[in-house]
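As stored in model-v6.txt (compact mmCIF, C-alpha atoms and all ligand atoms):
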```txt
# COMPACT_ATOMS: atom_id res chain seq x y z
CA MET A 1 17.82 -54.43 2.94
CA SER A 2 15.35 -54.19 5.78
CA ASN A 3 12.19 -52.12 5.63
CA LYS A 4 12.90 -50.38 8.89
CA PRO A 5 15.03 -47.29 8.56
CA THR A 6 18.18 -47.50 10.56
CA ARG A 7 18.89 -44.98 13.24
CA LEU A 8 21.87 -42.89 12.51
CA PRO A 9 24.65 -42.45 14.98
CA VAL A 10 24.76 -39.01 16.53
CA LEU A 11 28.19 -37.57 16.32
CA LYS A 12 29.66 -36.61 19.66
CA PRO A 13 32.58 -34.27 19.85
CA GLU A 14 35.76 -36.21 20.30
CA GLY A 15 38.46 -35.70 22.87
CA ASN A 16 38.25 -33.71 26.06
CA VAL A 17 35.42 -31.37 25.04
CA PRO A 18 32.94 -30.49 27.78
CA GLU A 19 29.31 -31.36 27.13
CA SER A 20 27.31 -28.22 26.39
CA ALA A 21 24.33 -28.30 28.68
CA GLY A 22 21.98 -26.22 26.58
CA VAL A 23 21.96 -28.45 23.52
CA ALA A 24 19.26 -31.02 23.74
CA GLU A 25 19.76 -34.38 22.16
CA GLU A 26 17.20 -33.86 19.42
CA ASN A 27 18.81 -30.64 18.27
CA VAL A 28 22.08 -32.34 17.50
CA LEU A 29 22.01 -33.18 13.85
CA PRO A 30 23.01 -36.59 12.66
CA VAL A 31 25.30 -36.93 9.70
CA LEU A 32 23.33 -37.39 6.53
CA LEU A 33 24.54 -40.38 4.58
CA SER A 34 23.69 -41.04 1.04
CA ARG A 35 21.58 -44.15 1.38
CA ARG A 36 17.87 -43.72 1.06
CA GLU A 37 16.97 -45.33 4.37
CA ASP A 38 19.41 -43.10 6.11
CA ALA A 39 17.79 -40.06 4.58
CA ILE A 40 14.37 -41.25 5.70
CA GLY A 41 15.71 -41.84 9.16
CA PHE A 42 17.09 -38.34 9.19
CA PHE A 43 13.70 -36.88 8.38
CA GLU A 44 12.10 -39.07 10.96
CA THR A 45 14.33 -37.77 13.71
CA LEU A 46 13.53 -34.24 12.59
CA MET A 47 9.80 -34.70 12.73
CA LYS A 48 9.37 -36.93 15.69
CA GLY A 49 5.91 -36.72 17.15
CA PRO A 50 2.90 -34.79 15.94
CA VAL A 51 4.41 -31.41 16.86
CA SER A 52 7.94 -30.69 15.89
CA ASN A 53 10.33 -28.16 17.32
CA THR A 54 12.82 -29.04 14.72
CA LEU A 55 10.44 -28.08 11.98
CA GLY A 56 10.24 -24.62 13.53
CA TRP A 57 14.00 -24.54 13.62
CA ALA A 58 14.11 -25.44 9.95
CA ARG A 59 11.46 -22.93 8.98
CA LYS A 60 12.86 -19.99 10.88
CA HIS A 61 16.19 -20.31 9.15
CA SER A 62 14.69 -20.62 5.72
CA LEU A 63 12.39 -17.66 5.29
CA PHE A 64 11.61 -16.89 1.69
CA GLN A 65 10.53 -13.28 1.63
CA TYR A 66 8.16 -11.52 -0.66
CA PRO A 67 9.06 -7.81 -0.58
CA PHE A 68 5.88 -5.79 -1.08
CA VAL A 69 7.77 -2.56 -1.66
CA THR A 70 5.63 0.50 -2.19
CA ALA A 71 7.54 3.53 -0.94
CA CYS A 72 10.75 5.03 0.38
CA CYS A 73 11.36 2.25 2.89
CA GLY A 74 12.33 0.23 -0.15
CA MET A 75 15.68 1.99 -0.13
CA GLU A 76 16.38 0.63 3.31
CA TYR A 77 15.09 -2.75 2.28
CA MET A 78 17.67 -2.79 -0.49
CA SER A 79 20.49 -2.21 1.94
CA VAL A 80 19.11 -4.89 4.26
CA ALA A 81 19.01 -7.36 1.43
CA ALA A 82 22.32 -6.39 -0.12
CA SER A 83 25.82 -7.24 0.96
CA ARG A 84 26.42 -4.64 3.63
CA TYR A 85 23.74 -5.69 6.10
CA ASP A 86 23.11 -9.01 4.43
CA VAL A 87 19.89 -10.48 5.69
CA ALA A 88 21.07 -13.77 4.20
CA ARG A 89 23.12 -14.32 7.33
CA PHE A 90 19.86 -14.98 9.15
CA GLY A 91 18.43 -17.32 6.61
CA ALA A 92 16.09 -14.87 4.88
CA GLU A 93 18.08 -14.77 1.76
CA PHE A 94 15.95 -15.06 -1.29
CA PRO A 95 13.42 -12.46 -2.28
CA ARG A 96 10.83 -14.36 -4.25
CA PHE A 97 8.78 -12.23 -6.57
CA SER A 98 5.87 -14.57 -6.52
CA PRO A 99 3.77 -14.81 -3.37
CA ARG A 100 3.21 -18.49 -4.04
CA GLN A 101 6.85 -19.21 -3.40
CA ALA A 102 7.25 -17.04 -0.33
CA ASP A 103 6.49 -17.52 3.33
CA LEU A 104 7.42 -14.10 4.74
CA LEU A 105 5.51 -11.12 3.44
CA MET A 106 7.48 -7.95 4.06
CA ILE A 107 5.25 -4.91 3.75
CA VAL A 108 7.77 -2.22 2.95
CA GLY A 109 6.26 1.23 2.74
CA THR A 110 2.98 3.07 2.75
CA ILE A 111 -0.16 1.13 1.94
CA ASN A 112 -2.77 3.37 0.47
CA ILE A 113 -6.39 2.45 0.18
CA LYS A 114 -6.24 2.01 -3.57
CA GLN A 115 -3.51 -0.56 -3.07
CA SER A 116 -5.09 -2.45 -0.20
CA PRO A 117 -6.96 -5.02 -2.36
CA ILE A 118 -3.64 -5.90 -3.99
CA LEU A 119 -1.97 -6.43 -0.64
CA LYS A 120 -4.82 -8.59 0.52
CA MET A 121 -4.68 -10.66 -2.64
CA VAL A 122 -0.93 -11.14 -2.31
CA TYR A 123 -1.39 -12.28 1.26
CA ASP A 124 -4.15 -14.66 0.29
CA GLN A 125 -2.04 -16.14 -2.48
CA MET A 126 0.76 -17.09 -0.14
CA ALA A 127 0.73 -20.69 0.96
CA GLU A 128 0.74 -21.67 4.61
CA PRO A 129 2.76 -21.38 6.74
CA LYS A 130 3.18 -17.64 6.26
CA TRP A 131 4.32 -14.71 8.33
CA VAL A 132 4.05 -10.98 7.84
CA MET A 133 6.46 -8.23 8.79
CA ALA A 134 5.42 -4.58 8.78
CA PHE A 135 8.52 -2.67 7.75
CA GLY A 136 8.53 0.97 8.86
CA VAL A 137 5.91 3.08 10.58
CA CYS A 138 3.82 3.50 7.46
CA ALA A 139 3.16 -0.20 7.20
CA SER A 140 2.75 -0.48 10.97
CA THR A 141 0.44 2.43 11.73
CA GLY A 142 0.11 4.61 8.68
CA GLY A 143 2.92 6.84 9.90
CA PHE A 144 2.38 10.52 9.47
CA TYR A 145 -0.02 9.93 6.60
CA ASP A 146 -3.11 10.40 8.71
CA ASN A 147 -5.25 11.27 5.73
CA TYR A 148 -7.97 10.16 3.35
CA ALA A 149 -5.76 7.94 1.24
CA THR A 150 -3.69 5.82 3.58
CA VAL A 151 -4.50 2.62 5.39
CA GLN A 152 -3.70 3.23 9.04
CA GLY A 153 -1.51 0.20 9.42
CA ALA A 154 -1.42 -3.00 7.44
CA ASP A 155 -2.83 -4.85 10.44
CA ARG A 156 -6.22 -3.40 9.62
CA ILE A 157 -6.27 -5.59 6.52
CA ILE A 158 -4.11 -8.63 7.21
CA PRO A 159 -2.56 -10.08 10.35
CA VAL A 160 0.94 -8.86 11.10
CA ASP A 161 3.49 -10.84 13.12
CA VAL A 162 6.24 -8.33 13.75
CA TYR A 163 6.35 -4.54 13.52
CA VAL A 164 9.59 -2.74 12.77
CA PRO A 165 9.38 0.94 13.74
CA GLY A 166 11.34 3.74 12.14
CA CYS A 167 10.97 6.05 9.20
CA PRO A 168 12.72 4.32 7.56
CA PRO A 169 14.01 1.75 10.04
CA ARG A 170 17.72 1.23 10.27
CA PRO A 171 18.81 -2.09 8.79
CA GLU A 172 19.84 -3.20 12.27
CA GLN A 173 16.26 -2.71 13.40
CA VAL A 174 15.05 -4.89 10.56
CA LEU A 175 17.51 -7.60 11.47
CA ASP A 176 16.35 -7.28 15.06
CA GLY A 177 12.76 -7.65 13.90
CA LEU A 178 13.74 -10.70 11.92
CA LYS A 179 15.34 -12.27 14.98
CA ILE A 180 12.17 -11.60 16.95
CA LEU A 181 10.14 -13.21 14.20
CA GLN A 182 12.45 -16.21 14.25
CA GLU A 183 11.92 -16.57 17.97
CA LYS A 184 8.21 -16.41 17.38
CA ILE A 185 8.36 -19.04 14.66
CA GLN A 186 10.42 -21.31 16.88
CA ALA A 187 7.88 -20.99 19.65
CA GLN A 188 4.95 -21.71 17.37
CA ARG A 189 3.31 -25.09 16.99
CA HIS A 190 4.33 -26.85 13.83
CA ASN A 191 2.20 -29.81 12.96
CA VAL A 192 3.57 -32.46 10.69
CA ALA A 193 1.96 -35.32 8.89
CA THR A 194 1.75 -38.34 11.14
CA LEU A 195 1.56 -42.00 10.53
CA GLU A 196 -1.99 -42.12 11.90
CA ARG A 197 -3.82 -41.16 8.78
CA GLU A 198 -7.50 -40.59 8.47
CA ALA A 199 -9.41 -43.48 6.96
CA VAL A 200 -9.98 -42.73 3.32
CA PRO A 201 -11.40 -45.00 0.64
CA ALA A 202 -8.78 -47.36 -0.61
CA SER A 203 -8.97 -46.20 -4.20
CA ALA A 204 -8.42 -42.59 -3.34
CA ASP A 205 -5.90 -43.36 -0.67
CA SER A 206 -2.88 -43.84 -2.85
CA LYS A 207 -3.57 -40.67 -4.76
CA ARG A 208 -4.17 -38.55 -1.75
CA LYS A 209 -1.11 -39.57 0.14
CA SER A 210 1.26 -36.73 0.15
CA PHE A 211 4.87 -37.18 -0.60
CA LEU A 212 5.71 -36.69 3.03
CA GLY A 213 3.06 -39.13 4.12
CA LYS A 214 4.43 -41.76 1.80
CA LEU A 215 7.89 -41.07 3.03
CA LEU A 216 6.93 -41.47 6.66
CA SER A 217 4.78 -44.53 6.21
CA LYS A 218 7.61 -46.55 4.67
CA MET B 219 9.06 41.05 -15.05
CA SER B 220 6.15 40.03 -17.19
CA GLN B 221 4.20 43.19 -16.54
CA ALA B 222 4.49 43.76 -20.27
CA LEU B 223 2.45 40.61 -20.78
CA ILE B 224 -0.36 41.90 -18.62
CA ASP B 225 -0.33 45.18 -20.50
CA LEU B 226 -0.48 43.25 -23.74
CA LEU B 227 -3.44 41.24 -22.49
CA LYS B 228 -5.22 44.37 -21.32
CA GLU B 229 -4.73 45.88 -24.72
CA LYS B 230 -5.81 42.88 -26.78
CA LEU B 231 -8.47 41.31 -24.57
CA PRO B 232 -9.73 44.10 -22.32
CA ASP B 233 -13.08 42.41 -21.63
CA ALA B 234 -11.55 39.27 -20.26
CA ILE B 235 -9.45 40.80 -17.50
CA VAL B 236 -10.97 41.17 -14.05
CA SER B 237 -7.88 42.31 -12.20
CA SER B 238 -4.17 41.85 -12.08
CA HIS B 239 -1.48 42.09 -9.46
CA SER B 240 2.02 41.01 -8.68
CA HIS B 241 2.84 38.85 -5.69
CA CYS B 242 6.42 38.08 -4.69
CA GLY B 243 7.57 38.71 -8.20
CA ASP B 244 4.89 36.55 -9.78
CA GLU B 245 2.48 38.31 -12.07
CA VAL B 246 -1.09 37.19 -11.64
CA VAL B 247 -3.97 38.04 -13.90
CA VAL B 248 -7.52 37.17 -12.94
CA VAL B 249 -9.75 36.55 -15.91
CA LYS B 250 -13.40 35.81 -16.51
CA ARG B 251 -14.41 32.20 -16.74
CA GLU B 252 -16.07 32.51 -20.13
CA GLN B 253 -12.91 33.85 -21.74
CA ILE B 254 -10.32 31.58 -20.19
CA VAL B 255 -9.85 29.59 -23.39
CA ASP B 256 -9.42 32.76 -25.44
CA VAL B 257 -6.89 34.21 -23.03
CA ILE B 258 -4.79 31.06 -22.87
CA LYS B 259 -4.96 30.56 -26.62
CA PHE B 260 -3.83 34.13 -27.08
CA LEU B 261 -0.94 33.70 -24.67
CA ARG B 262 0.12 30.49 -26.37
CA ASP B 263 0.02 31.78 -29.93
CA ASP B 264 0.99 35.43 -29.66
CA PRO B 265 4.59 35.93 -30.85
CA ALA B 266 5.32 38.31 -27.96
CA ALA B 267 4.05 35.86 -25.34
CA GLU B 268 4.89 32.45 -26.81
CA MET B 269 3.81 30.55 -23.71
CA LYS B 270 4.20 27.05 -25.00
CA LEU B 271 4.52 25.45 -21.59
CA LEU B 272 1.62 24.83 -19.25
CA SER B 273 3.49 23.90 -16.11
CA GLN B 274 0.53 23.42 -13.80
CA ILE B 275 -3.15 23.79 -13.23
CA ALA B 276 -3.77 24.24 -9.53
CA CYS B 277 -6.94 24.66 -7.55
CA ILE B 278 -7.37 26.52 -4.29
CA ASP B 279 -10.25 26.16 -1.87
CA MET B 280 -10.85 29.49 -0.15
CA LEU B 281 -13.49 28.13 2.21
CA THR B 282 -11.68 28.97 5.42
CA PHE B 283 -9.95 32.04 4.07
CA ALA B 284 -11.93 34.46 6.23
CA THR B 285 -11.41 32.51 9.45
CA GLU B 286 -7.74 32.11 8.67
CA GLN B 287 -7.43 35.86 8.38
CA THR B 288 -8.97 36.33 11.80
CA GLY B 289 -6.95 33.60 13.42
CA GLY B 290 -9.83 31.17 13.40
CA GLY B 291 -7.73 28.23 12.30
CA SER B 292 -7.43 26.81 8.87
CA ILE B 293 -8.77 23.31 9.29
CA GLY B 294 -12.26 22.40 10.29
CA SER B 295 -12.97 19.86 12.97
CA LEU B 296 -13.88 16.29 12.23
CA GLU B 297 -17.55 17.02 11.98
CA MET B 298 -17.97 20.44 10.51
CA PRO B 299 -16.02 22.96 8.52
CA ALA B 300 -14.57 25.92 10.32
CA TYR B 301 -16.96 28.45 8.85
CA ALA B 302 -19.91 26.58 10.31
CA LYS B 303 -18.51 27.13 13.78
CA THR B 304 -18.20 30.87 13.32
CA ASN B 305 -21.65 31.25 11.77
CA GLN B 306 -20.14 32.78 8.70
CA GLY B 307 -21.11 31.66 5.27
CA PRO B 308 -18.48 30.13 3.07
CA TYR B 309 -16.10 32.52 1.46
CA GLU B 310 -17.21 33.37 -2.07
CA PRO B 311 -16.01 32.96 -4.72
CA ARG B 312 -14.85 29.81 -3.08
CA TYR B 313 -12.57 28.19 -5.66
CA GLN B 314 -9.67 29.57 -7.61
CA VAL B 315 -8.17 27.70 -10.53
CA ALA B 316 -4.71 28.89 -11.45
CA TYR B 317 -3.01 28.14 -14.75
CA ASN B 318 0.74 28.56 -14.46
CA LEU B 319 2.08 29.33 -17.91
CA ALA B 320 5.69 29.70 -18.90
CA SER B 321 7.63 30.51 -22.00
CA VAL B 322 10.84 28.65 -22.58
CA THR B 323 11.97 30.89 -25.41
CA LYS B 324 11.01 34.27 -23.91
CA LYS B 325 11.86 33.21 -20.32
CA HIS B 326 8.83 34.64 -18.59
CA ARG B 327 5.97 33.31 -16.55
CA LEU B 328 2.40 34.30 -15.94
CA ARG B 329 -0.31 32.97 -13.67
CA VAL B 330 -3.80 33.12 -15.09
CA ARG B 331 -6.45 32.68 -12.49
CA VAL B 332 -10.18 32.08 -12.61
CA GLU B 333 -12.51 32.44 -9.66
CA LEU B 334 -15.48 30.13 -9.27
CA ARG B 335 -18.46 30.28 -7.00
CA SER B 336 -19.25 27.14 -5.04
CA ASP B 337 -22.69 26.72 -6.58
CA ASP B 338 -21.30 26.50 -10.10
CA CYS B 339 -17.76 25.14 -10.28
CA THR B 340 -17.57 24.35 -13.96
CA LEU B 341 -14.94 25.56 -16.34
CA PRO B 342 -14.25 25.05 -20.06
CA THR B 343 -11.45 22.62 -20.79
CA ILE B 344 -8.21 23.64 -22.47
CA THR B 345 -7.18 20.15 -23.53
CA SER B 346 -7.39 21.25 -27.14
CA LEU B 347 -4.64 23.80 -26.49
CA TYR B 348 -2.29 21.82 -24.27
CA PRO B 349 -2.35 18.00 -24.15
CA THR B 350 -0.89 18.11 -20.65
CA ALA B 351 -4.01 19.89 -19.45
CA ASN B 352 -5.82 16.58 -19.76
CA TRP B 353 -4.28 15.10 -16.64
CA TRP B 354 -4.13 18.38 -14.72
CA GLU B 355 -7.84 18.85 -15.20
CA ARG B 356 -8.55 15.30 -14.17
CA TYR B 357 -6.43 15.98 -11.10
CA CYS B 358 -8.45 19.09 -10.24
CA TRP B 359 -11.65 17.12 -10.71
CA ASP B 360 -10.37 14.30 -8.54
CA MET B 361 -9.15 16.38 -5.64
CA MET B 362 -11.35 19.46 -5.77
CA GLY B 363 -14.38 18.61 -7.85
CA ILE B 364 -13.90 21.28 -10.47
CA GLU B 365 -15.85 20.14 -13.49
CA PHE B 366 -14.25 20.82 -16.85
CA THR B 367 -16.89 20.86 -19.53
CA ALA B 368 -16.17 19.04 -22.80
CA HIS B 369 -13.15 17.28 -21.30
CA PRO B 370 -12.53 14.09 -23.31
CA ASN B 371 -12.11 11.81 -20.29
CA LEU B 372 -13.00 13.46 -17.01
CA GLU B 373 -12.33 10.61 -14.57
CA ARG B 374 -10.46 10.43 -11.33
CA LEU B 375 -6.72 10.61 -11.87
CA LEU B 376 -5.30 9.33 -8.58
CA LEU B 377 -8.10 8.03 -6.44
CA TYR B 378 -10.19 4.97 -7.10
CA PRO B 379 -13.55 5.27 -8.83
CA GLU B 380 -15.44 4.07 -5.73
CA PHE B 381 -14.34 7.18 -3.82
CA VAL B 382 -17.15 9.55 -2.96
CA GLY B 383 -16.38 13.24 -2.68
CA HIS B 384 -13.29 15.30 -3.28
CA PRO B 385 -10.72 15.01 -0.52
CA LEU B 386 -8.79 18.25 -0.84
CA ARG B 387 -11.89 20.36 -0.36
CA LYS B 388 -11.63 21.92 3.04
CA ASP B 389 -14.98 20.58 4.15
CA TYR B 390 -13.96 16.97 3.58
CA PRO B 391 -13.67 15.47 7.08
CA ILE B 392 -10.04 14.88 7.93
CA HIS B 393 -10.47 11.35 9.21
CA ARG B 394 -12.95 10.09 6.67
CA ARG B 395 -11.48 7.13 4.86
CA GLN B 396 -13.25 5.00 2.31
CA PRO B 397 -11.66 1.56 2.42
CA LEU B 398 -11.88 -0.86 -0.46
CA VAL B 399 -11.42 -4.04 1.56
CA HIS B 400 -12.84 -4.81 4.94
CA GLU B 401 -10.73 -3.27 7.66
CA HIS B 402 -10.52 -4.65 11.14
CA ASP B 403 -11.82 -2.33 13.76
CA PHE B 404 -8.80 -1.12 15.67
CA PRO B 405 -9.41 1.07 18.67
CA ASP B 406 -6.84 3.75 18.13
CA LEU B 407 -6.85 6.90 20.22
CA VAL B 408 -5.05 9.06 17.75
CA ARG B 409 -6.29 7.82 14.41
CA GLY B 410 -9.73 6.72 15.40
CA PRO B 411 -11.15 3.26 14.91
CA GLY B 412 -10.92 1.63 11.56
CA PRO B 413 -14.03 1.89 9.48
CA GLY B 414 -15.24 -1.51 10.49
CA PRO B 415 -18.89 -2.44 10.88
CA GLY B 416 -20.47 0.70 12.24
CA GLY B 417 -17.79 3.04 11.01
CA ALA B 418 -16.39 5.85 13.04
CA ASN B 419 -19.13 5.72 15.64
CA VAL B 420 -18.11 2.38 17.09
CA PRO B 421 -17.35 2.99 20.73
CA MET B 422 -13.77 2.57 21.72
CA SER B 423 -12.72 -0.71 23.22
CA GLN B 424 -12.72 -0.76 26.98
CA THR B 425 -9.55 -2.77 26.99
CA HIS B 426 -7.59 0.14 25.67
CA VAL B 427 -6.05 1.70 28.72
CA GLY B 428 -3.91 4.53 27.45
CA ARG B 429 -5.80 7.66 28.29
CA LYS B 430 -8.96 8.01 30.28
CA ASN B 431 -12.05 10.08 29.56
CA VAL B 432 -11.62 10.19 25.84
CA ASP B 433 -14.70 10.92 23.81
CA PRO B 434 -14.80 8.22 21.14
CA ASN B 435 -16.38 10.55 18.65
CA THR B 436 -13.85 13.31 18.69
CA TYR B 437 -10.85 11.63 20.34
CA GLU B 438 -10.25 14.72 22.38
S1 LIG A 501 8.02 4.75 7.13
FE1 LIG A 501 9.02 6.60 6.33
S2 LIG A 501 10.56 5.80 4.91
FE2 LIG A 501 9.08 4.15 5.27
S3 LIG A 501 7.56 4.34 3.64
FE3 LIG A 501 6.81 5.50 5.39
S4 LIG A 501 7.51 7.58 5.01
FE4 LIG A 501 8.72 6.25 3.69
```

Would it be possible to restate this file's structure as structure tokens?
Ligand code: SF4
Amino acid sequence: MSNKPTRLPVLKPEGNVPESAGVAEENVLPVLLSRREDAIGFFETLMKGPVSNTLGWARKHSLFQYPFVTACCGMEYMSVAASRYDVARFGAEFPRFSPRQADLLMIVGTINIKQSPILKMVYDQMAEPKWVMAFGVCASTGGFYDNYATVQGADRIIPVDVYVPGCPPRPEQVLDGLKILQEKIQAQRHNVATLEREAVPASADSKRKSFLGKLLSK
Amino acid sequence: MSQALIDLLKEKLPDAIVSSHSHCGDEVVVVKREQIVDVIKFLRDDPAAEMKLLSQIACIDMLTFATEQTGGGSIGSLEMPAYAKTNQGPYEPRYQVAYNLASVTKKHRLRVRVELRSDDCTLPTITSLYPTANWWERYCWDMMGIEFTAHPNLERLLLYPEFVGHPLRKDYPIHRRQPLVHEHDFPDLVRGPGPGPGGANVPMSQTHVGRKNVDPNTYE
């Protein structure tokens, strides 16, 4: 068994199928075989170079949402998440009820000032990379609650990536917002661990190496 | 409908009654502040009244009552209450506290009202008569600043303890918000800037090109 991972063959469509021009070579997925080297090779093709488009592709289709539901928009959130509108079709399937396991914070409903420290703490607890969606006008701008108690938009407290208008928004609008967010994620810069590691003392080196780093340096 | 109740009150506690009237079928009796506990205790325990249900304690700020009557508008501007514009003093007695009592068995209702001057808005508590009065009185304290003496736990009910002032008073500025975490300063023509460093007096961003010639202090 050699130390170098073997490149996997890329499957081409068989027969008289025209080549689709829009699909770049690196976006065609190789078949994943069961051997360990093959798996490593698969990851290597995904994360070629210091900045990976494919990582964005992987992340945008695997959004783990944290629904921060505070008000009536929650009703619409339920229908988005449930079978009829089915946000799972777009890869945002699992609501995680711990911010530490989520990467999309959905602010669903009115944020009042008494609640704002909680929202900020939830946002701070989420691990990078993270994105935020303001769901409904209350979360986006405060809505019609222009009063002493309401935060005039969640973006006054935490950064927001995509705003979904409506009171409450139709589920289609939410799905539309999700698609926009996915486009944004795809266009973002996703850095991955590279083989050029910073020089660290030899004793600490083995401990500090991340799993991914170890994987890639094989 | 419950005119008989008012007659009963007038007969049993004649000193306590200031006035009484009926509005849209609701009987209202205005009583003196010192006797509010006696009146409510009487209405609760008397076999003819039997008002075992305290459905609400509400508070009304009559500050702009006079200007409303003359078409002066009900809400003050951002900076000053409406009465200050018209050079009138505040309407006195400024606050009214209304106790909405009901009887489930006798099927009648009565509104007992107390009027309070703005320089002394204190009132004896009735938590010993109705346990539900505890939260209603905290609510009135929170929103209107009516102080209930001898209340067991007179703290804010809905707002956070850091809040200064009482927001449903008509002289509370409409756009004054008291954030708990730092808010980014957003130039917003309609809502005003966020209370960032410098608060509401931060000049509006020049990059905001929606409307021209907007005064950043009043947004008009
Ligand atoms: S946007 Fe409308 S539906 Fe959504 S929380 Fe605000 S008021 Fe409720």

Considering all atoms listed in the file, tabulate each residue of chain A that lies at most 8 Å from ligand LIG 501 (chain A) along with its nearest interatomic pair and the corresponding distance in Å to one decimal; arrange the rows by chain and ascending residue number and present them as CSV.
```
residue,atom,partner,partner_atom,distance
A:Thr70,CA,A:LIG501,S3,7.2
A:Ala71,CA,A:LIG501,S3,4.7
A:Cys72,CA,A:LIG501,FE4,4.1
A:Cys73,CA,A:LIG501,FE2,3.8
A:Gly74,CA,A:LIG501,S3,7.3
A:Glu76,CA,A:LIG501,S2,7.9
A:Val108,CA,A:LIG501,S3,6.6
A:Gly109,CA,A:LIG501,S3,3.5
A:Thr110,CA,A:LIG501,S3,4.8
A:Phe135,CA,A:LIG501,FE2,7.3
A:Gly136,CA,A:LIG501,S1,4.2
A:Val137,CA,A:LIG501,S1,4.4
A:Cys138,CA,A:LIG501,FE3,4.2
A:Ala139,CA,A:LIG501,S1,6.9
A:Gly142,CA,A:LIG501,FE3,7.5
A:Gly143,CA,A:LIG501,FE3,6.1
A:Phe144,CA,A:LIG501,S4,7.4
A:Pro165,CA,A:LIG501,S1,7.7
A:Gly166,CA,A:LIG501,S1,6.1
A:Cys167,CA,A:LIG501,FE1,3.5
A:Pro168,CA,A:LIG501,S2,3.7
A:Pro169,CA,A:LIG501,FE2,7.3
```

Take the residues that were just selected and, keeping C-alpha atoms, output them as a short mmCIF file (atom, residue, chain, number, x, y, z; two decimals), in the coordinates of the input.
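Listing of result_17.cif after writing:
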```cif
data_model
loop_
_atom_site.label_atom_id
_atom_site.label_comp_id
_atom_site.auth_asym_id
_atom_site.auth_seq_id
_atom_site.Cartn_x
_atom_site.Cartn_y
_atom_site.Cartn_z
CA THR A 70 5.63 0.50 -2.19
CA ALA A 71 7.54 3.53 -0.94
CA CYS A 72 10.75 5.03 0.38
CA CYS A 73 11.36 2.25 2.89
CA GLY A 74 12.33 0.23 -0.15
CA GLU A 76 16.38 0.63 3.31
CA VAL A 108 7.77 -2.22 2.95
CA GLY A 109 6.26 1.23 2.74
CA THR A 110 2.98 3.07 2.75
CA PHE A 135 8.52 -2.67 7.75
CA GLY A 136 8.53 0.97 8.86
CA VAL A 137 5.91 3.08 10.58
CA CYS A 138 3.82 3.50 7.46
CA ALA A 139 3.16 -0.20 7.20
CA GLY A 142 0.11 4.61 8.68
CA GLY A 143 2.92 6.84 9.90
CA PHE A 144 2.38 10.52 9.47
CA PRO A 165 9.38 0.94 13.74
CA GLY A 166 11.34 3.74 12.14
CA CYS A 167 10.97 6.05 9.20
CA PRO A 168 12.72 4.32 7.56
CA PRO A 169 14.01 1.75 10.04
#
```

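Comparing the minimum interatomic distances between chain A and each of B:Glu380, B:Glu310, B:Asp337, B:Asp256, counting only C-alpha atoms, we find that B:Glu380 sits nearest.
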
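When all atoms listed in the file are used to compute distances to Arg327 of chain B, the closest of the residues B:Arg262, B:Arg374, B:Lys230, B:His393 turns out to be B:Arg262.
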
Chain B residues near chain A (9 Å cut-off, all atoms listed in the file) as number ranges by chain
B: 376-378, 385, 391-404, 409, 412

Just the residues within 9 Å of Lys324 of chain B, please, counting all atoms listed in the file, with nothing from its chain fewer than 5 positions along; format it as a VMD selection string.
chain B and resid 266 to 269

Tell me, as a ChimeraX atom specification, which residues lie within 9 Å of segment 346-359 of chain B, counting all atoms listed in the file; anything in the same chain fewer than 6 positions away does not count.
/B:255,258-259,262,270-277,315,365-366,369-376,384

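With only C-alpha atoms as the atoms that count, the minimum distance from Tyr317 of chain B to the choices B:Thr367, B:Cys339, B:Ile254, B:Met362 is reached by B:Ile254.
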
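Using only C-alpha atoms, the nearest neighbour of Asp86 of chain A within the list A:Ile107, A:Val174, A:Ala58, A:Met133 is A:Val174.
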
One-decimal distance in Å that lies between atom CA of Ala82 of chain A and atom CA of Lys130 of chain A
23.1 Å

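Here atom CA of Met361 of chain B and atom CA of Thr343 of chain B stand 16.5 Å from one another.
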
Near Ala187 of chain A, counting all atoms listed in the file, which residues have an atom at most 8 Å away, once you skip same-chain residues fewer than 3 positions from it, shown as number ranges by chain?
A: 53, 56, 183-184

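The residue set within 6 Å of Ala234 of chain B, counting only C-alpha atoms and dropping same-chain residues fewer than 2 places from it, reads Leu231, Pro232, Val249, Lys250 and Gln253 of chain B.
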
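Distance-wise, atom CA of Ile185 of chain A and atom CA of Tyr66 of chain A end up 17.1 Å apart.
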
Go through A:Gln188, A:Ser79, A:Gln182, A:Ser98 one by one, measure the shortest atom-to-atom distance of each to Lys60 of chain A using all atoms listed in the file, and give the residue with the smallest value.
A:Gln182

Pick out the residues sitting within 12 Å of Leu226 of chain B, and hand them over as JSON, numbers by chain; count all atoms listed in the file, and ignore anything fewer than 6 positions along from it in its own chain.
{"B": [220, 232, 235, 247, 257, 260, 261, 264, 265, 266, 267]}

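With all atoms listed in the file as the basis for measurement, A:Pro95 is the residue among A:Phe90, A:Arg84, A:Met78, A:Pro95 that approaches Phe64 of chain A most closely.
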